[in-house]
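Colleague: If you scroll down you'll find the structure; I have some questions about it.
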Amino acid sequence: MPDDYAFNIRDLRRAIAVAEHRSLRRAALALEVDQSTLTRSIQALEHALRIPLFERMRTGARLTAAGVAFTRIAASVLEGMDEAMLHLRLRHYGVAGKLRLGVQVSFANGVVANLLGQYQAEYPDVNLQIMDGPRERLLRDVLGSRLDVAIVLAGEGWHGQAIPLGKERVLAAVARDHPLAVRAAVTWSGLSDCFLTLPRRGAGMELRKLALLHGILPERIMFHDAAIDRLLALARHGGKILLVTEGATGIRMDGVVFRPIMDGSGPATFDLALCWRDGESDPVLTRFIELAR
């Protein structure tokens, strides 16, 4: 584009005003500018475009054919600019934009579900993009800027920013006709003769470590590359027991019940943490962290 295509947003607004009022005088009054100033703006536009936009008449100003086409384009440009500026302001205040969130655990229920439900209710214009996966990968993605923040099981190996979100119980999902289903809770020793099923993604590795720590033999633990709802269906149709975190209890599956697992000090639990990079100052992320606190 040649350098002499030099005009600004103000000139576009002034041209549209003249087109609407069909008079330089009336448009100048509406815009609260001198008529001479408005005339110079229109002349600058016509010079930059090298086409006449208006026919000057004794009774006012009338758009040329080129002027009609130009003002339609200008109106579209201004509308897009107004939308962009509004979005920019909303983004600056953290109420619009995008938040890339990694979540390690199921969140059909519980702490994470409550947080996300409240966040979406308060910030409906934020595009919340969720990725699941094991803890180590999600934290790598946060460090690599592929995620803005991650909700994971608290543990070693994270040196960025973090806040606690609370605890989630560990439960056993068992078929309704399984002998353990009649109990209000189960113990690790009560699971020692059972075959346990775990998802490879999400909290699967931490659940395995916890089971091994409480005496479950490795050969009785099986991983599956499948979503929780598929594994719940597997538990419903067989004698295998699925270990889950509390957020999965919101997934309803006929014929399956959830029973908390007890250890020597009470219910088996995991601590949840919200993790993000040092020095992060994105307004959308800041709002999310403030809500999580």
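Starting from 1 in every chain, residues are counted up; chains themselves are A, B, ... following the order of the structure tokens, and ligands are numbered from 1 as listed.
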Write down as a VMD selection string the residues of range 24-102 of chain A whose backbone DSSP state falls under alpha helix (DSSP H).

Modeller: chain A and resid 24 to 31 35 to 49 65 to 92

Colleague: For the selection you just gave me, I'd like the residues written to a file as a PDB file, in the first residue's frame, keeping C-alpha atoms.

Modeller:
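As a result, out05.pdb now contains:
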```pdb
ATOM      1  CA  LEU A  24     -20.824  18.888   6.252  1.00  0.00           C
ATOM      2  CA  ARG A  25     -22.400  21.558   8.428  1.00  0.00           C
ATOM      3  CA  ARG A  26     -24.785  19.215  10.229  1.00  0.00           C
ATOM      4  CA  ALA A  27     -22.097  16.528  10.611  1.00  0.00           C
ATOM      5  CA  ALA A  28     -19.691  19.104  12.092  1.00  0.00           C
ATOM      6  CA  LEU A  29     -22.337  20.160  14.629  1.00  0.00           C
ATOM      7  CA  ALA A  30     -23.013  16.539  15.594  1.00  0.00           C
ATOM      8  CA  LEU A  31     -19.288  15.815  15.936  1.00  0.00           C
ATOM      9  CA  GLN A  35     -16.671  22.610   9.663  1.00  0.00           C
ATOM     10  CA  SER A  36     -13.261  23.524   8.234  1.00  0.00           C
ATOM     11  CA  THR A  37     -11.653  20.739  10.288  1.00  0.00           C
ATOM     12  CA  LEU A  38     -14.217  18.238   9.039  1.00  0.00           C
ATOM     13  CA  THR A  39     -13.705  19.395   5.463  1.00  0.00           C
ATOM     14  CA  ARG A  40      -9.934  18.859   5.750  1.00  0.00           C
ATOM     15  CA  SER A  41     -10.519  15.301   7.041  1.00  0.00           C
ATOM     16  CA  ILE A  42     -12.749  14.456   4.072  1.00  0.00           C
ATOM     17  CA  GLN A  43     -10.291  16.003   1.634  1.00  0.00           C
ATOM     18  CA  ALA A  44      -7.427  14.037   3.229  1.00  0.00           C
ATOM     19  CA  LEU A  45      -9.394  10.814   2.768  1.00  0.00           C
ATOM     20  CA  GLU A  46     -10.202  11.585  -0.847  1.00  0.00           C
ATOM     21  CA  HIS A  47      -6.587  12.507  -1.533  1.00  0.00           C
ATOM     22  CA  ALA A  48      -5.301   9.302   0.097  1.00  0.00           C
ATOM     23  CA  LEU A  49      -7.786   7.143  -1.815  1.00  0.00           C
ATOM     24  CA  ALA A  65     -20.862   5.422  -5.873  1.00  0.00           C
ATOM     25  CA  ALA A  66     -17.303   4.962  -4.614  1.00  0.00           C
ATOM     26  CA  GLY A  67     -18.265   6.787  -1.421  1.00  0.00           C
ATOM     27  CA  VAL A  68     -21.129   4.360  -0.779  1.00  0.00           C
ATOM     28  CA  ALA A  69     -18.762   1.406  -1.101  1.00  0.00           C
ATOM     29  CA  PHE A  70     -16.116   3.106   1.019  1.00  0.00           C
ATOM     30  CA  THR A  71     -18.436   3.996   3.911  1.00  0.00           C
ATOM     31  CA  ARG A  72     -19.752   0.426   4.031  1.00  0.00           C
ATOM     32  CA  ILE A  73     -16.188  -0.836   4.353  1.00  0.00           C
ATOM     33  CA  ALA A  74     -15.354   1.881   6.880  1.00  0.00           C
ATOM     34  CA  ALA A  75     -18.376   0.985   9.021  1.00  0.00           C
ATOM     35  CA  SER A  76     -17.263  -2.653   9.028  1.00  0.00           C
ATOM     36  CA  VAL A  77     -13.714  -1.652   9.973  1.00  0.00           C
ATOM     37  CA  LEU A  78     -14.936   0.549  12.831  1.00  0.00           C
ATOM     38  CA  GLU A  79     -17.254  -2.167  14.124  1.00  0.00           C
ATOM     39  CA  GLY A  80     -14.378  -4.641  14.132  1.00  0.00           C
ATOM     40  CA  MET A  81     -12.116  -2.096  15.829  1.00  0.00           C
ATOM     41  CA  ASP A  82     -14.705  -1.394  18.519  1.00  0.00           C
ATOM     42  CA  GLU A  83     -15.094  -5.106  19.189  1.00  0.00           C
ATOM     43  CA  ALA A  84     -11.324  -5.542  19.311  1.00  0.00           C
ATOM     44  CA  MET A  85     -10.899  -2.663  21.749  1.00  0.00           C
ATOM     45  CA  LEU A  86     -13.678  -3.970  23.978  1.00  0.00           C
ATOM     46  CA  HIS A  87     -12.110  -7.429  23.965  1.00  0.00           C
ATOM     47  CA  LEU A  88      -8.709  -5.898  24.738  1.00  0.00           C
ATOM     48  CA  ARG A  89     -10.124  -4.025  27.734  1.00  0.00           C
ATOM     49  CA  LEU A  90     -11.914  -7.143  28.987  1.00  0.00           C
ATOM     50  CA  ARG A  91      -8.697  -9.118  28.491  1.00  0.00           C
ATOM     51  CA  HIS A  92      -6.765  -6.493  30.452  1.00  0.00           C
TER      52      HIS A  92
END
```

Colleague: Pick out each residue of range 220-273 of chain A that DSSP on the backbone tags as strand (DSSP E); I need them as a ChimeraX atom specification.

Modeller: /A:221-224,241-245,256-263,266-267,269-273

Colleague: Can you spit out the residues from that selection as a PDB file, in the first residue's frame, using N, CA and C atoms?

Modeller:
```pdb
ATOM      1  N   ILE A 221      -2.402 -55.342  40.257  1.00  0.00           N
ATOM      2  CA  ILE A 221      -2.745 -53.998  39.774  1.00  0.00           C
ATOM      3  C   ILE A 221      -2.577 -53.960  38.264  1.00  0.00           C
ATOM      4  N   MET A 222      -3.624 -53.562  37.563  1.00  0.00           N
ATOM      5  CA  MET A 222      -3.609 -53.518  36.099  1.00  0.00           C
ATOM      6  C   MET A 222      -3.934 -52.127  35.603  1.00  0.00           C
ATOM      7  N   PHE A 223      -3.116 -51.645  34.668  1.00  0.00           N
ATOM      8  CA  PHE A 223      -3.367 -50.349  34.037  1.00  0.00           C
ATOM      9  C   PHE A 223      -4.174 -50.541  32.758  1.00  0.00           C
ATOM     10  N   HIS A 224      -4.981 -49.528  32.444  1.00  0.00           N
ATOM     11  CA  HIS A 224      -5.736 -49.527  31.190  1.00  0.00           C
ATOM     12  C   HIS A 224      -5.639 -48.142  30.561  1.00  0.00           C
ATOM     13  N   ILE A 241     -11.862 -54.201  40.646  1.00  0.00           N
ATOM     14  CA  ILE A 241     -12.213 -52.993  41.394  1.00  0.00           C
ATOM     15  C   ILE A 241     -11.391 -51.837  40.847  1.00  0.00           C
ATOM     16  N   LEU A 242     -12.054 -50.738  40.591  1.00  0.00           N
ATOM     17  CA  LEU A 242     -11.406 -49.547  40.053  1.00  0.00           C
ATOM     18  C   LEU A 242     -11.115 -48.573  41.183  1.00  0.00           C
ATOM     19  N   LEU A 243      -9.869 -48.118  41.283  1.00  0.00           N
ATOM     20  CA  LEU A 243      -9.510 -47.084  42.245  1.00  0.00           C
ATOM     21  C   LEU A 243      -9.636 -45.720  41.583  1.00  0.00           C
ATOM     22  N   VAL A 244     -10.305 -44.787  42.267  1.00  0.00           N
ATOM     23  CA  VAL A 244     -10.528 -43.465  41.706  1.00  0.00           C
ATOM     24  C   VAL A 244     -10.339 -42.409  42.789  1.00  0.00           C
ATOM     25  N   THR A 245     -10.165 -41.163  42.345  1.00  0.00           N
ATOM     26  CA  THR A 245     -10.227 -40.042  43.279  1.00  0.00           C
ATOM     27  C   THR A 245     -11.667 -39.543  43.334  1.00  0.00           C
ATOM     28  N   VAL A 256     -22.825 -49.762  39.768  1.00  0.00           N
ATOM     29  CA  VAL A 256     -21.529 -49.494  40.390  1.00  0.00           C
ATOM     30  C   VAL A 256     -21.735 -48.572  41.593  1.00  0.00           C
ATOM     31  N   VAL A 257     -21.056 -48.898  42.698  1.00  0.00           N
ATOM     32  CA  VAL A 257     -21.101 -48.046  43.892  1.00  0.00           C
ATOM     33  C   VAL A 257     -19.670 -47.660  44.272  1.00  0.00           C
ATOM     34  N   PHE A 258     -19.547 -46.548  44.955  1.00  0.00           N
ATOM     35  CA  PHE A 258     -18.243 -46.055  45.400  1.00  0.00           C
ATOM     36  C   PHE A 258     -18.132 -46.225  46.908  1.00  0.00           C
ATOM     37  N   ARG A 259     -16.998 -46.761  47.338  1.00  0.00           N
ATOM     38  CA  ARG A 259     -16.764 -46.955  48.763  1.00  0.00           C
ATOM     39  C   ARG A 259     -15.420 -46.324  49.132  1.00  0.00           C
ATOM     40  N   PRO A 260     -15.386 -45.452  50.160  1.00  0.00           N
ATOM     41  CA  PRO A 260     -14.108 -44.856  50.575  1.00  0.00           C
ATOM     42  C   PRO A 260     -13.154 -45.916  51.107  1.00  0.00           C
ATOM     43  N   ILE A 261     -11.874 -45.697  50.856  1.00  0.00           N
ATOM     44  CA  ILE A 261     -10.839 -46.612  51.346  1.00  0.00           C
ATOM     45  C   ILE A 261     -10.237 -46.015  52.614  1.00  0.00           C
ATOM     46  N   MET A 262     -10.182 -46.814  53.668  1.00  0.00           N
ATOM     47  CA  MET A 262      -9.674 -46.357  54.954  1.00  0.00           C
ATOM     48  C   MET A 262      -8.274 -46.922  55.190  1.00  0.00           C
ATOM     49  N   ASP A 263      -7.408 -46.075  55.761  1.00  0.00           N
ATOM     50  CA  ASP A 263      -6.134 -46.593  56.244  1.00  0.00           C
ATOM     51  C   ASP A 263      -6.086 -46.407  57.759  1.00  0.00           C
ATOM     52  N   GLY A 266      -7.562 -42.939  59.000  1.00  0.00           N
ATOM     53  CA  GLY A 266      -8.842 -42.445  58.484  1.00  0.00           C
ATOM     54  C   GLY A 266      -8.938 -42.665  56.988  1.00  0.00           C
ATOM     55  N   PRO A 267      -9.756 -41.875  56.304  1.00  0.00           N
ATOM     56  CA  PRO A 267      -9.905 -42.051  54.857  1.00  0.00           C
ATOM     57  C   PRO A 267      -8.598 -41.770  54.112  1.00  0.00           C
ATOM     58  N   THR A 269      -6.513 -40.156  51.366  1.00  0.00           N
ATOM     59  CA  THR A 269      -6.738 -38.919  50.617  1.00  0.00           C
ATOM     60  C   THR A 269      -5.487 -38.503  49.854  1.00  0.00           C
ATOM     61  N   PHE A 270      -5.704 -37.645  48.886  1.00  0.00           N
ATOM     62  CA  PHE A 270      -4.631 -36.949  48.184  1.00  0.00           C
ATOM     63  C   PHE A 270      -4.830 -35.450  48.373  1.00  0.00           C
ATOM     64  N   ASP A 271      -3.728 -34.698  48.456  1.00  0.00           N
ATOM     65  CA  ASP A 271      -3.792 -33.240  48.453  1.00  0.00           C
ATOM     66  C   ASP A 271      -3.719 -32.744  47.014  1.00  0.00           C
ATOM     67  N   LEU A 272      -4.568 -31.782  46.687  1.00  0.00           N
ATOM     68  CA  LEU A 272      -4.563 -31.167  45.364  1.00  0.00           C
ATOM     69  C   LEU A 272      -3.851 -29.822  45.416  1.00  0.00           C
ATOM     70  N   ALA A 273      -3.166 -29.481  44.325  1.00  0.00           N
ATOM     71  CA  ALA A 273      -2.455 -28.204  44.258  1.00  0.00           C
ATOM     72  C   ALA A 273      -2.695 -27.554  42.908  1.00  0.00           C
TER      73      ALA A 273
END
```

Colleague: Contacts of range 95-109 of chain A at 8 Å or less, counting only C-alpha atoms, minus same-chain residues fewer than 4 places along, as a ChimeraX atom specification?

Modeller: /A:87,90-91,113-114,123-135,138,146-153,201-203,245-251,284-285,287

Colleague: For Ala235 in chain A, which of A:Arg50, A:Arg56, A:Arg13, A:Arg176 is the closest residue, counting only C-alpha atoms?

Modeller: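 Going through A:Arg50, A:Arg56, A:Arg13, A:Arg176 one by one, the smallest distance to Ala235 in chain A is for A:Arg176.
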
Colleague: Check the smallest atom-to-atom distance from each of A:Leu231, A:Leu217, A:Trp276, A:Leu139 to Pro199 in chain A using only C-alpha atoms, then report the winner.

Modeller: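 The closest residue to Pro199 in chain A is A:Leu231.
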